[in-house]
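The file coords-v1.tsv contains TSV, C-alpha atoms:
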```tsv
chain	number	residue	atom	x	y	z
A	1	MET	CA	78.67	92.80	102.45
A	2	PHE	CA	78.04	96.52	102.54
A	3	THR	CA	74.66	98.02	103.35
A	4	ILE	CA	72.95	101.03	101.79
A	5	LEU	CA	70.20	102.65	103.81
A	6	ASP	CA	69.12	105.03	101.06
A	7	LEU	CA	70.01	105.23	97.39
A	8	VAL	CA	69.70	108.30	95.19
A	9	GLN	CA	70.30	109.01	91.51
A	10	PRO	CA	70.92	112.77	91.30
A	11	ASP	CA	70.22	114.67	88.08
A	12	ASN	CA	73.25	116.95	88.28
A	13	LEU	CA	76.73	117.14	89.77
A	14	ALA	CA	75.90	119.91	92.25
A	15	GLU	CA	73.11	117.83	93.74
A	16	ALA	CA	75.38	114.78	93.90
A	17	TYR	CA	78.09	116.77	95.68
A	18	LYS	CA	75.61	118.27	98.15
A	19	ILE	CA	74.31	114.82	99.10
A	20	LEU	CA	77.88	113.52	99.36
A	21	SER	CA	78.79	116.36	101.73
A	22	ASP	CA	75.69	116.04	103.89
A	23	LYS	CA	76.89	113.05	105.93
A	24	ARG	CA	80.24	111.41	106.54
A	25	ASN	CA	79.14	107.98	105.37
A	26	ASN	CA	77.33	109.09	102.23
A	27	THR	CA	79.23	107.46	99.39
A	28	ILE	CA	79.55	107.67	95.61
A	29	LEU	CA	78.85	104.31	93.97
A	30	GLY	CA	81.10	103.37	91.07
A	31	GLY	CA	80.86	99.90	89.60
A	32	CYS	CA	80.48	98.50	93.16
A	33	ALA	CA	82.69	95.46	92.42
A	34	PHE	CA	85.25	96.42	95.04
A	35	LEU	CA	82.90	98.26	97.38
A	36	LYS	CA	80.70	95.18	97.74
A	37	MET	CA	83.58	93.18	99.20
A	38	GLY	CA	83.78	95.49	102.22
A	39	LYS	CA	81.43	95.91	105.13
A	40	LYS	CA	80.85	99.62	104.80
A	41	ARG	CA	77.58	100.91	106.19
A	42	ILE	CA	76.51	103.58	103.72
A	43	ASN	CA	73.90	106.07	104.75
A	44	THR	CA	73.10	107.34	101.26
A	45	GLY	CA	74.57	105.65	98.21
A	46	ILE	CA	74.93	108.10	95.33
A	47	ASP	CA	74.52	106.54	91.92
A	48	LEU	CA	75.84	108.76	89.11
A	49	THR	CA	74.35	106.81	86.19
A	50	LYS	CA	71.93	109.63	85.27
A	51	LEU	CA	74.73	112.19	84.85
A	52	LYS	CA	75.84	111.00	81.40
A	53	LEU	CA	79.46	110.61	82.48
A	54	ASN	CA	80.01	107.52	80.35
A	55	TYR	CA	81.93	108.76	77.31
A	56	ILE	CA	85.30	109.02	75.60
A	57	GLN	CA	85.74	111.95	73.23
A	58	GLU	CA	88.23	114.42	71.79
A	59	LYS	CA	87.96	118.02	72.96
A	60	ASP	CA	90.32	121.00	72.71
A	61	GLY	CA	93.45	118.95	72.13
A	62	PHE	CA	92.61	116.44	74.87
A	63	ILE	CA	91.03	113.04	75.11
A	64	GLU	CA	88.27	113.37	77.66
A	65	ILE	CA	87.09	110.32	79.61
A	66	GLY	CA	83.96	110.56	81.77
A	67	ALA	CA	84.10	109.16	85.29
A	68	MET	CA	81.40	106.55	84.67
A	69	THR	CA	83.14	105.12	81.60
A	70	SER	CA	83.71	101.40	82.00
A	71	LEU	CA	87.13	99.79	81.78
A	72	ARG	CA	85.80	97.74	78.87
A	73	ASP	CA	85.14	100.99	76.98
A	74	ILE	CA	88.75	101.99	77.68
A	75	GLU	CA	89.83	98.64	76.26
A	76	THR	CA	87.80	98.80	73.05
A	77	HIS	CA	87.47	102.49	72.13
A	78	PRO	CA	89.18	103.24	68.77
A	79	LEU	CA	90.49	106.62	69.94
A	80	LEU	CA	92.44	105.00	72.78
A	81	LYS	CA	93.67	102.17	70.58
A	82	GLU	CA	95.07	104.72	68.15
A	83	HIS	CA	96.91	106.87	70.70
A	84	TYR	CA	99.97	106.27	72.87
A	85	ASN	CA	100.49	102.83	71.27
A	86	GLY	CA	97.24	101.68	72.88
A	87	VAL	CA	98.78	101.83	76.35
A	88	LEU	CA	95.43	102.42	78.08
A	89	PRO	CA	93.58	99.48	76.47
A	90	GLN	CA	96.67	97.38	77.16
A	91	SER	CA	96.67	98.31	80.84
A	92	VAL	CA	93.10	97.15	81.51
A	93	ARG	CA	92.82	94.10	79.27
A	94	ASP	CA	93.93	91.61	81.94
A	95	ILE	CA	91.71	92.87	84.73
A	96	ILE	CA	89.59	89.80	85.58
A	97	GLY	CA	87.16	89.26	82.68
A	98	VAL	CA	85.06	91.10	80.11
A	99	GLN	CA	81.95	91.05	82.32
A	100	PHE	CA	83.91	92.60	85.17
A	101	ARG	CA	85.39	95.31	82.96
A	102	ASN	CA	81.90	96.08	81.59
A	103	GLY	CA	80.84	96.99	85.12
A	104	VAL	CA	83.72	98.78	86.80
A	105	THR	CA	84.29	102.47	86.18
A	106	VAL	CA	87.26	104.73	85.50
A	107	GLY	CA	86.13	107.17	88.19
A	108	ALA	CA	86.08	104.61	90.98
A	109	SER	CA	89.41	103.11	89.87
A	110	VAL	CA	91.23	106.45	89.81
A	111	TYR	CA	89.47	108.28	92.64
A	112	SER	CA	90.05	105.41	95.06
A	113	LYS	CA	93.81	105.52	94.34
A	114	TYR	CA	93.97	101.75	94.57
A	115	GLY	CA	97.54	100.52	94.90
A	116	PHE	CA	96.81	97.54	92.65
A	117	SER	CA	95.39	99.73	89.89
A	118	ASP	CA	96.69	98.98	86.40
A	119	LEU	CA	94.97	102.00	84.91
A	120	ILE	CA	96.54	104.61	87.21
A	121	THR	CA	100.05	103.47	86.29
A	122	ALA	CA	99.32	103.82	82.58
A	123	LEU	CA	97.62	107.20	83.07
A	124	LEU	CA	100.62	108.45	85.06
A	125	SER	CA	102.89	107.84	82.09
A	126	LEU	CA	100.70	110.13	79.94
A	127	ASP	CA	99.88	113.82	80.37
A	128	THR	CA	96.80	113.18	82.48
A	129	GLU	CA	94.73	115.60	84.50
A	130	VAL	CA	91.89	114.78	86.86
A	131	GLU	CA	88.82	116.99	87.12
A	132	LEU	CA	87.05	116.92	90.46
A	133	PHE	CA	83.75	118.70	91.06
A	134	LYS	CA	84.95	120.83	93.98
A	135	ALA	CA	88.75	120.91	93.71
A	136	GLY	CA	88.72	121.43	89.94
A	137	ARG	CA	91.30	120.28	87.43
A	138	MET	CA	94.79	119.17	88.45
A	139	PRO	CA	97.58	116.90	87.21
A	140	LEU	CA	97.09	113.25	88.16
A	141	THR	CA	100.36	113.35	90.12
A	142	ASP	CA	98.99	116.18	92.31
A	143	PHE	CA	95.72	114.33	92.80
A	144	LEU	CA	97.53	111.16	93.91
A	145	ALA	CA	99.69	113.15	96.34
A	146	LYS	CA	96.90	115.07	98.04
A	147	PRO	CA	95.02	113.70	101.04
A	148	LYS	CA	91.60	112.18	100.45
A	149	GLU	CA	88.79	114.70	100.66
A	150	LYS	CA	85.10	114.40	99.96
A	151	ASP	CA	84.77	115.20	96.30
A	152	LEU	CA	83.61	113.50	93.17
A	153	MET	CA	85.53	112.79	90.02
A	154	VAL	CA	83.97	114.18	86.88
A	155	ARG	CA	86.37	113.27	84.12
A	156	LEU	CA	89.97	112.70	83.04
A	157	TRP	CA	91.77	114.87	80.52
A	158	ILE	CA	94.67	113.36	78.60
A	159	LYS	CA	96.75	115.66	76.42
A	160	LYS	CA	96.49	114.47	72.84
A	161	ASN	CA	100.00	114.21	71.48
A	162	MET	CA	102.45	111.85	69.82
A	163	ARG	CA	103.67	110.33	73.08
A	164	GLN	CA	104.96	106.78	72.62
A	165	ALA	CA	104.18	104.50	75.51
A	166	SER	CA	104.43	100.95	76.75
A	167	TYR	CA	102.65	99.10	79.57
A	168	LEU	CA	103.86	95.88	81.18
A	169	SER	CA	102.65	93.95	84.19
A	170	PHE	CA	103.64	90.78	85.95
A	171	ARG	CA	100.89	88.54	87.31
A	172	ASN	CA	100.95	85.26	89.17
A	173	SER	CA	97.97	84.15	87.09
A	174	SER	CA	96.48	85.79	84.04
A	175	SER	CA	93.54	87.60	85.63
A	176	ASP	CA	94.97	88.19	89.11
A	177	TYR	CA	96.03	91.57	90.48
A	178	ALA	CA	99.47	92.54	89.19
A	179	VAL	CA	102.49	91.77	91.36
A	180	LEU	CA	103.99	94.85	89.72
A	181	ASN	CA	103.10	97.04	86.77
A	182	VAL	CA	105.17	99.50	84.79
A	183	ALA	CA	104.36	102.15	82.20
A	184	VAL	CA	107.05	103.97	80.24
A	185	SER	CA	106.51	106.81	77.81
A	186	MET	CA	108.49	109.29	75.77
A	187	LEU	CA	107.63	112.55	74.03
A	188	ASN	CA	110.30	114.66	72.33
A	189	ASN	CA	113.00	112.69	74.13
A	190	CYS	CA	111.43	113.47	77.50
A	191	TRP	CA	110.82	110.21	79.36
A	192	THR	CA	108.35	109.19	82.08
A	193	ILE	CA	108.66	105.94	84.02
A	194	ALA	CA	105.71	105.00	86.29
A	195	VAL	CA	105.54	101.95	88.53
A	196	GLY	CA	102.43	100.64	90.32
A	197	ALA	CA	101.25	97.73	92.47
A	198	ARG	CA	104.40	98.17	94.55
A	199	PRO	CA	101.92	97.27	96.24
A	200	SER	CA	101.28	100.87	97.25
A	201	LYS	CA	99.88	103.33	94.72
A	202	ALA	CA	101.67	104.08	91.49
A	203	ALA	CA	104.43	106.67	91.38
A	204	ILE	CA	106.77	108.23	88.84
A	205	ALA	CA	110.47	107.43	89.09
A	206	ILE	CA	111.60	111.04	88.80
A	207	SER	CA	115.35	110.55	88.92
A	208	ALA	CA	115.37	107.64	86.46
A	209	SER	CA	113.05	109.50	84.07
A	210	ALA	CA	115.34	112.56	84.21
A	211	LEU	CA	118.41	110.44	83.53
A	212	LEU	CA	116.97	109.11	80.29
A	213	SER	CA	115.65	112.52	79.26
A	214	LEU	CA	119.01	114.24	79.84
A	215	GLU	CA	121.40	111.59	78.59
A	216	GLY	CA	119.28	109.82	75.98
A	217	ALA	CA	118.53	106.13	75.74
A	218	THR	CA	121.69	104.09	75.23
A	219	SER	CA	122.31	100.56	76.43
A	220	GLU	CA	124.16	101.99	79.46
A	221	THR	CA	121.55	104.62	80.39
A	222	ILE	CA	118.72	102.13	79.94
A	223	GLU	CA	120.42	99.76	82.40
A	224	GLU	CA	121.10	102.65	84.77
A	225	ALA	CA	117.53	104.01	84.53
A	226	ALA	CA	116.09	100.56	85.30
A	227	LYS	CA	118.43	100.18	88.27
A	228	ARG	CA	117.72	103.71	89.51
A	229	THR	CA	113.94	103.17	89.28
A	230	SER	CA	114.22	100.09	91.46
A	231	GLU	CA	116.29	102.07	93.98
A	232	GLU	CA	114.38	105.36	94.14
A	233	LEU	CA	110.91	103.84	94.58
A	234	SER	CA	109.85	101.88	97.65
A	235	PHE	CA	108.44	98.37	97.47
A	236	GLY	CA	106.43	96.35	99.95
A	237	THR	CA	105.51	92.76	100.65
A	238	ASN	CA	102.07	91.17	100.41
A	239	THR	CA	100.64	87.75	99.49
A	240	ARG	CA	101.56	88.25	95.84
A	241	GLY	CA	105.24	88.97	96.27
A	242	THR	CA	107.98	90.26	98.54
A	243	ALA	CA	109.57	93.69	98.37
A	244	THR	CA	112.83	92.12	97.14
A	245	TYR	CA	111.01	90.24	94.40
A	246	ARG	CA	109.17	93.40	93.31
A	247	LYS	CA	112.41	95.36	93.22
A	248	ALA	CA	113.99	92.77	90.94
A	249	LEU	CA	110.88	92.65	88.74
A	250	CYS	CA	110.88	96.43	88.53
A	251	ARG	CA	114.35	96.52	87.07
A	252	ALA	CA	113.48	93.94	84.42
A	253	LEU	CA	110.11	95.46	83.46
A	254	VAL	CA	111.41	99.02	83.26
A	255	LYS	CA	114.24	97.96	80.97
A	256	ARG	CA	111.79	96.06	78.78
A	257	GLY	CA	109.38	99.02	78.77
A	258	ILE	CA	112.06	101.44	77.59
A	259	MET	CA	113.09	99.04	74.83
A	260	GLU	CA	109.46	98.74	73.72
A	261	VAL	CA	109.08	102.52	73.52
A	262	LEU	CA	112.25	102.75	71.46
A	263	ALA	CA	110.88	100.05	69.15
A	264	CYS	CA	107.64	102.05	68.78
A	265	LYS	CA	109.64	105.15	67.91
A	266	SER	CA	111.61	103.36	65.24
A	267	ASN	CA	108.37	102.13	63.68
B	268	MET	CA	62.01	100.67	95.66
B	269	GLN	CA	60.22	99.47	92.54
B	270	ILE	CA	62.09	98.83	89.29
B	271	GLU	CA	60.71	98.07	85.87
B	272	LEU	CA	62.84	96.04	83.51
B	273	THR	CA	62.57	93.73	80.57
B	274	ILE	CA	63.68	90.23	81.39
B	275	ASN	CA	63.96	87.88	78.43
B	276	ASP	CA	61.57	90.09	76.43
B	277	LYS	CA	58.98	90.24	79.21
B	278	VAL	CA	58.36	93.49	81.10
B	279	VAL	CA	58.25	93.06	84.88
B	280	LYS	CA	57.93	95.32	87.91
B	281	TRP	CA	59.80	94.17	91.00
B	282	GLU	CA	60.37	95.54	94.47
B	283	VAL	CA	64.07	95.61	95.34
B	284	ALA	CA	66.12	96.74	98.34
B	285	ASN	CA	68.65	99.58	97.98
B	286	ASP	CA	71.61	97.26	98.45
B	287	GLU	CA	70.22	94.26	96.59
B	288	PHE	CA	72.22	92.85	93.71
B	289	LEU	CA	70.71	91.70	90.44
B	290	ALA	CA	71.79	88.07	90.88
B	291	ASP	CA	69.76	87.83	94.09
B	292	THR	CA	66.77	89.57	92.52
B	293	LEU	CA	66.82	87.27	89.50
B	294	ARG	CA	67.17	84.13	91.61
B	295	SER	CA	64.36	85.21	93.93
B	296	HIS	CA	62.09	85.44	90.87
B	297	GLY	CA	62.94	81.97	89.64
B	298	PHE	CA	65.84	82.60	87.28
B	299	LEU	CA	67.90	79.88	88.90
B	300	SER	CA	70.29	79.54	85.95
B	301	VAL	CA	71.99	82.62	87.45
B	302	LYS	CA	74.48	81.02	89.84
B	303	LYS	CA	76.33	82.61	92.73
B	304	ALA	CA	79.74	81.29	93.66
B	305	CYS	CA	82.71	83.55	94.36
B	306	ASP	CA	80.96	86.71	95.58
B	307	THR	CA	84.18	88.56	94.72
B	308	SER	CA	83.30	89.37	91.08
B	309	CYS	CA	85.80	86.99	89.54
B	310	CYS	CA	84.15	83.65	88.62
B	311	GLY	CA	81.64	84.68	85.92
B	312	LEU	CA	78.95	82.21	86.99
B	313	CYS	CA	76.37	84.95	87.43
B	314	THR	CA	76.89	86.40	83.93
B	315	VAL	CA	73.78	87.89	82.32
B	316	TRP	CA	73.38	90.49	79.61
B	317	MET	CA	72.33	94.02	80.35
B	318	ASP	CA	71.33	95.90	77.21
B	319	GLY	CA	73.35	93.39	75.22
B	320	LYS	CA	76.52	93.59	77.30
B	321	SER	CA	77.68	90.73	79.51
B	322	MET	CA	77.71	91.76	83.15
B	323	LEU	CA	78.35	90.15	86.51
B	324	SER	CA	74.86	90.22	88.04
B	325	CYS	CA	76.38	89.66	91.49
B	326	SER	CA	77.95	93.12	91.23
B	327	VAL	CA	75.16	95.11	89.58
B	328	LEU	CA	72.81	96.85	91.97
B	329	SER	CA	69.27	95.80	91.05
B	330	LEU	CA	68.25	99.43	90.97
B	331	ARG	CA	70.62	99.97	88.05
B	332	ALA	CA	68.63	97.44	86.03
B	333	HIS	CA	65.65	99.82	86.01
B	334	GLY	CA	64.65	100.48	82.41
B	335	LYS	CA	67.19	97.98	81.11
B	336	LYS	CA	66.85	94.85	79.03
B	337	ILE	CA	68.17	91.85	80.95
B	338	THR	CA	68.80	88.53	79.26
B	339	THR	CA	69.56	85.27	81.05
B	340	ILE	CA	70.23	81.93	79.41
B	341	GLU	CA	66.48	81.24	79.54
B	342	GLY	CA	66.23	83.95	76.87
B	343	PHE	CA	68.36	81.92	74.45
B	344	PRO	CA	66.85	78.42	74.56
B	345	LYS	CA	67.79	77.52	70.97
B	346	GLU	CA	71.37	78.81	71.08
B	347	ALA	CA	71.96	77.39	74.55
B	348	GLU	CA	70.78	73.94	73.51
B	349	GLU	CA	72.88	73.96	70.35
B	350	PHE	CA	76.05	74.94	72.21
B	351	ALA	CA	75.34	72.67	75.19
B	352	GLN	CA	75.15	69.67	72.83
B	353	ILE	CA	78.57	70.53	71.42
B	354	LEU	CA	79.93	70.99	74.94
B	355	SER	CA	78.60	67.59	75.89
B	356	ALA	CA	79.98	65.91	72.77
B	357	GLU	CA	83.42	67.36	73.47
B	358	GLY	CA	83.41	66.12	77.07
B	359	ALA	CA	83.39	69.65	78.41
B	360	GLU	CA	80.32	69.23	80.59
B	361	GLN	CA	80.87	67.84	84.06
B	362	CYS	CA	79.07	69.32	87.05
B	363	GLY	CA	77.51	72.01	84.84
B	364	PHE	CA	77.42	74.65	87.57
B	365	CYS	CA	79.42	77.15	85.53
B	366	SER	CA	77.68	76.41	82.22
B	367	PRO	CA	74.90	79.06	82.19
B	368	GLY	CA	77.29	81.95	82.84
B	369	PHE	CA	79.87	80.44	80.53
B	370	ILE	CA	77.38	80.06	77.68
B	371	MET	CA	76.20	83.67	78.14
B	372	SER	CA	79.82	84.80	77.75
B	373	VAL	CA	80.35	82.62	74.66
B	374	LEU	CA	77.21	84.07	73.05
B	375	ALA	CA	78.44	87.59	73.88
B	376	MET	CA	81.81	86.76	72.33
B	377	LYS	CA	80.09	85.44	69.21
B	378	ASN	CA	78.41	88.83	68.79
B	379	GLU	CA	81.58	90.78	69.43
B	380	LEU	CA	84.45	88.92	67.76
B	381	VAL	CA	84.58	87.78	64.15
B	382	ASN	CA	86.51	84.55	63.58
B	383	PRO	CA	88.43	84.87	66.86
B	384	THR	CA	91.82	83.23	67.24
B	385	GLU	CA	92.47	80.73	70.04
B	386	GLU	CA	94.31	83.45	71.97
B	387	GLU	CA	91.37	85.84	71.58
B	388	ILE	CA	88.90	83.17	72.73
B	389	ILE	CA	90.96	82.35	75.81
B	390	HIS	CA	91.39	86.01	76.67
B	391	TYR	CA	87.71	86.82	76.22
B	392	LEU	CA	86.67	83.99	78.52
B	393	THR	CA	89.25	84.58	81.26
B	394	GLY	CA	86.46	85.82	83.50
B	395	ASN	CA	84.62	82.47	83.47
B	396	LEU	CA	86.09	79.92	85.84
B	397	CYS	CA	85.45	76.18	85.68
B	398	ARG	CA	86.73	73.89	88.39
B	399	CYS	CA	86.02	70.57	86.60
B	400	THR	CA	87.13	70.51	83.02
B	401	GLY	CA	90.54	72.12	82.61
B	402	TYR	CA	89.11	74.20	79.75
B	403	MET	CA	90.46	72.18	76.80
B	404	GLY	CA	87.11	70.52	76.06
B	405	GLN	CA	85.39	73.89	76.30
B	406	LEU	CA	87.91	75.40	73.91
B	407	ARG	CA	87.29	72.61	71.38
B	408	ALA	CA	83.53	73.11	71.71
B	409	ILE	CA	83.76	76.88	71.22
B	410	LYS	CA	85.88	76.48	68.09
B	411	ILE	CA	83.34	74.06	66.63
B	412	TYR	CA	80.42	76.30	67.62
B	413	LEU	CA	82.03	79.38	66.06
B	414	GLY	CA	83.22	77.47	62.99
B	415	VAL	CA	86.87	78.29	63.62
B	416	ALA	CA	88.07	74.79	64.48
```
Could the structure of this file be written out as structure tokens, please?
Amino acid sequence: MFTILDLVQPDNLAEAYKILSDKRNNTILGGCAFLKMGKKRINTGIDLTKLKLNYIQEKDGFIEIGAMTSLRDIETHPLLKEHYNGVLPQSVRDIIGVQFRNGVTVGASVYSKYGFSDLITALLSLDTEVELFKAGRMPLTDFLAKPKEKDLMVRLWIKKNMRQASYLSFRNSSSDYAVLNVAVSMLNNCWTIAVGARPSKAAIAISASALLSLEGATSETIEEAAKRTSEELSFGTNTRGTATYRKALCRALVKRGIMEVLACKSN
Amino acid sequence: MQIELTINDKVVKWEVANDEFLADTLRSHGFLSVKKACDTSCCGLCTVWMDGKSMLSCSVLSLRAHGKKITTIEGFPKEAEEFAQILSAEGAEQCGFCSPGFIMSVLAMKNELVNPTEEEIIHYLTGNLCRCTGYMGQLRAIKIYLGVA
């Protein structure tokens, strides 16, 4: 169990960032569900609940999601059900149970870059940007690629558009972590294929996505894109599955994901 | 640190540690219906309501309950008894250790879903584990309780 020597609830982001920067083991507290399973000794725990970062709203052509928004809010919010074929609600609906999703936050899930994250994979398939207090706004892909620095996540920005998307995951039991998850999306015949729980953090299959975008989705290119995704991304082994198993799953799920997006388009 | 919260419609002021979780706080003040089991946020036995939403009290820092309305099964004596009798009649009650958290989730589901399907019921209650019953008796009881049998 972790320990917290001091706990503060700052009134603004600047104050929160200053406290975070003051000492190496000062830590932002998200939902705490994952943090509590470790043995971290936290000098000052920073609780952001007073900062009103729990919201989902439309703004300037984007859907804006505050860092303290719960995964349950992602699952049930009408705006997210109506866009991208409900890929975001779909991605979080099998994470443990309702009570768990009521507690855990978007900010902690994304900022921690968890390899097992279902949400990051779905967000990667959309036009998502991350806004950090210090580093500012950047594409999610850039955020995932950069080394971890002390910062705090403020919100996500998702470009509001007609992107069609699909999310699929494979689990050993219904509420377990995914063995593998896949999100596929398409906007104006430009495709994005993202794969997570490899078990390392989610990544976009750039070559496979480009293949579909350039040559269009035919039965041959769909097969080839699925195969190429499984070859261009790396897979690892853990208690949930071997690298070989994940690679095989990847091929099947990507193919299925592409077909689902095409079915969405035809509807 | 002192927190003030409303627990089952009664306002209380409690001293809590910075890293204390609500389940421990509640149990230390006699709310023993709140069970602790997995400690990994996956079993649902510690489910309580916070401002009307079901939460895992083992994962909520007590400090975050400041100013909130907390409800345990002791706050729903009538509903709990009614549902517990159906559970018993359907053979879904064995050791009973998971029942308080389970009933809190069923009551939350009743508020949230209108005439849920079997698939919706099962999905909503995925976060409540029971190691005795195999769930079929519970499912029958829920359908009867919600009038969707």
Residue neighbourhood range 259-263 of chain A, 7 Å, only C-alpha atoms, exclusion window fewer than 4 positions, as a ChimeraX atom specification:
/A:164-166,185,255,267
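Between chain B and the candidates A:Asn12, A:Ser219, A:Asn102, A:Ser169, the tightest atom-to-atom separation, counting all atoms listed in the file, involves A:Asn102.
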Distance-based interface of chain B with chain A, 7 Å, counting all atoms listed in the file, as a PyMOL selection string:
chain B and resi 285-286+307-309+321-323+326+391-394
One number please: CA of Lys50 in chain A to CA of Tyr17 in chain A, in Å, one decimal.
14.0 Å
Show me the residues close to (74.9, 82.9, 86.2) - anything with an atom within 6 Å, counting all atoms listed in the file - and format the list as a PyMOL selection string.
chain B and resi 300-302+312-314+367-368
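Distances from A:Val110, A:Ala225, A:Leu140, A:Ala135 to Ala252 in chain A were compared using only C-alpha atoms, and the smallest one belongs to A:Ala225.
CA of Ile74 in chain A sits 9.8 Å away from CA of Gly86 in chain A.
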Excluding Glu379 in chain B and residues on its chain fewer than 5 positions from it, collect all residues at most 12 Å away from it, counting only C-alpha atoms, and give them as a PyMOL selection string.
(chain A and resi 76+98) or (chain B and resi 319-321+372-374+387-388+391+413)
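Pairwise distance (CA of Glu282 in chain B, CA of Gln269 in chain B) equals 4.4 Å.
The neighbours of Lys277 in chain B here are the residues that come within 12 Å of it, using all atoms listed in the file and leaving out any residue fewer than 3 positions away in the same chain; they are Glu271, Leu272, Thr273, Ile274, Lys280, Lys335, Lys336, Ile337, Thr338, Thr339, Glu341 and Gly342 of chain B.
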Determine the nearest neighbour of Gln352 in chain B from the options B:Val415, B:Met376, B:Met403, B:Ile409, counting only C-alpha atoms.
B:Ile409
Could you name the residues that touch Ile389 in chain B at 10 Å or less, counting only C-alpha atoms, but leaving out those on the same chain fewer than 5 positions away, as a ChimeraX atom specification?
/B:383-384,394-395,402,406
Model the absent atoms of range 100-112 of chain A so that N, CA and C atoms are present, and write the result as a CSV table (one decimal), in the frame of the given file.
```
chain,number,residue,atom,x,y,z
A,100,PHE,N,83.4,91.7,84.1
A,100,PHE,CA,83.9,92.6,85.2
A,100,PHE,C,84.2,94.0,84.6
A,101,ARG,N,85.0,94.0,83.5
A,101,ARG,CA,85.4,95.3,83.0
A,101,ARG,C,84.2,96.1,82.4
A,102,ASN,N,83.1,95.4,82.0
A,102,ASN,CA,81.9,96.1,81.6
A,102,ASN,C,81.2,96.8,82.7
A,103,GLY,N,81.5,96.4,84.0
A,103,GLY,CA,80.8,97.0,85.1
A,103,GLY,C,81.6,98.0,85.9
A,104,VAL,N,82.9,97.9,86.0
A,104,VAL,CA,83.7,98.8,86.8
A,104,VAL,C,84.1,100.1,86.1
A,105,THR,N,84.2,101.1,86.8
A,105,THR,CA,84.3,102.5,86.2
A,105,THR,C,85.7,103.1,86.4
A,106,VAL,N,86.0,104.0,85.4
A,106,VAL,CA,87.3,104.7,85.5
A,106,VAL,C,87.3,105.6,86.8
A,107,GLY,N,86.2,106.3,87.0
A,107,GLY,CA,86.1,107.2,88.2
A,107,GLY,C,86.5,106.5,89.5
A,108,ALA,N,85.8,105.3,89.7
A,108,ALA,CA,86.1,104.6,91.0
A,108,ALA,C,87.5,104.1,91.0
A,109,SER,N,88.0,103.6,89.9
A,109,SER,CA,89.4,103.1,89.9
A,109,SER,C,90.4,104.2,90.2
A,110,VAL,N,90.2,105.4,89.6
A,110,VAL,CA,91.2,106.4,89.8
A,110,VAL,C,91.0,107.2,91.1
A,111,TYR,N,89.7,107.5,91.4
A,111,TYR,CA,89.5,108.3,92.6
A,111,TYR,C,89.9,107.5,93.9
A,112,SER,N,89.7,106.2,93.9
A,112,SER,CA,90.0,105.4,95.1
A,112,SER,C,91.6,105.2,95.3
```
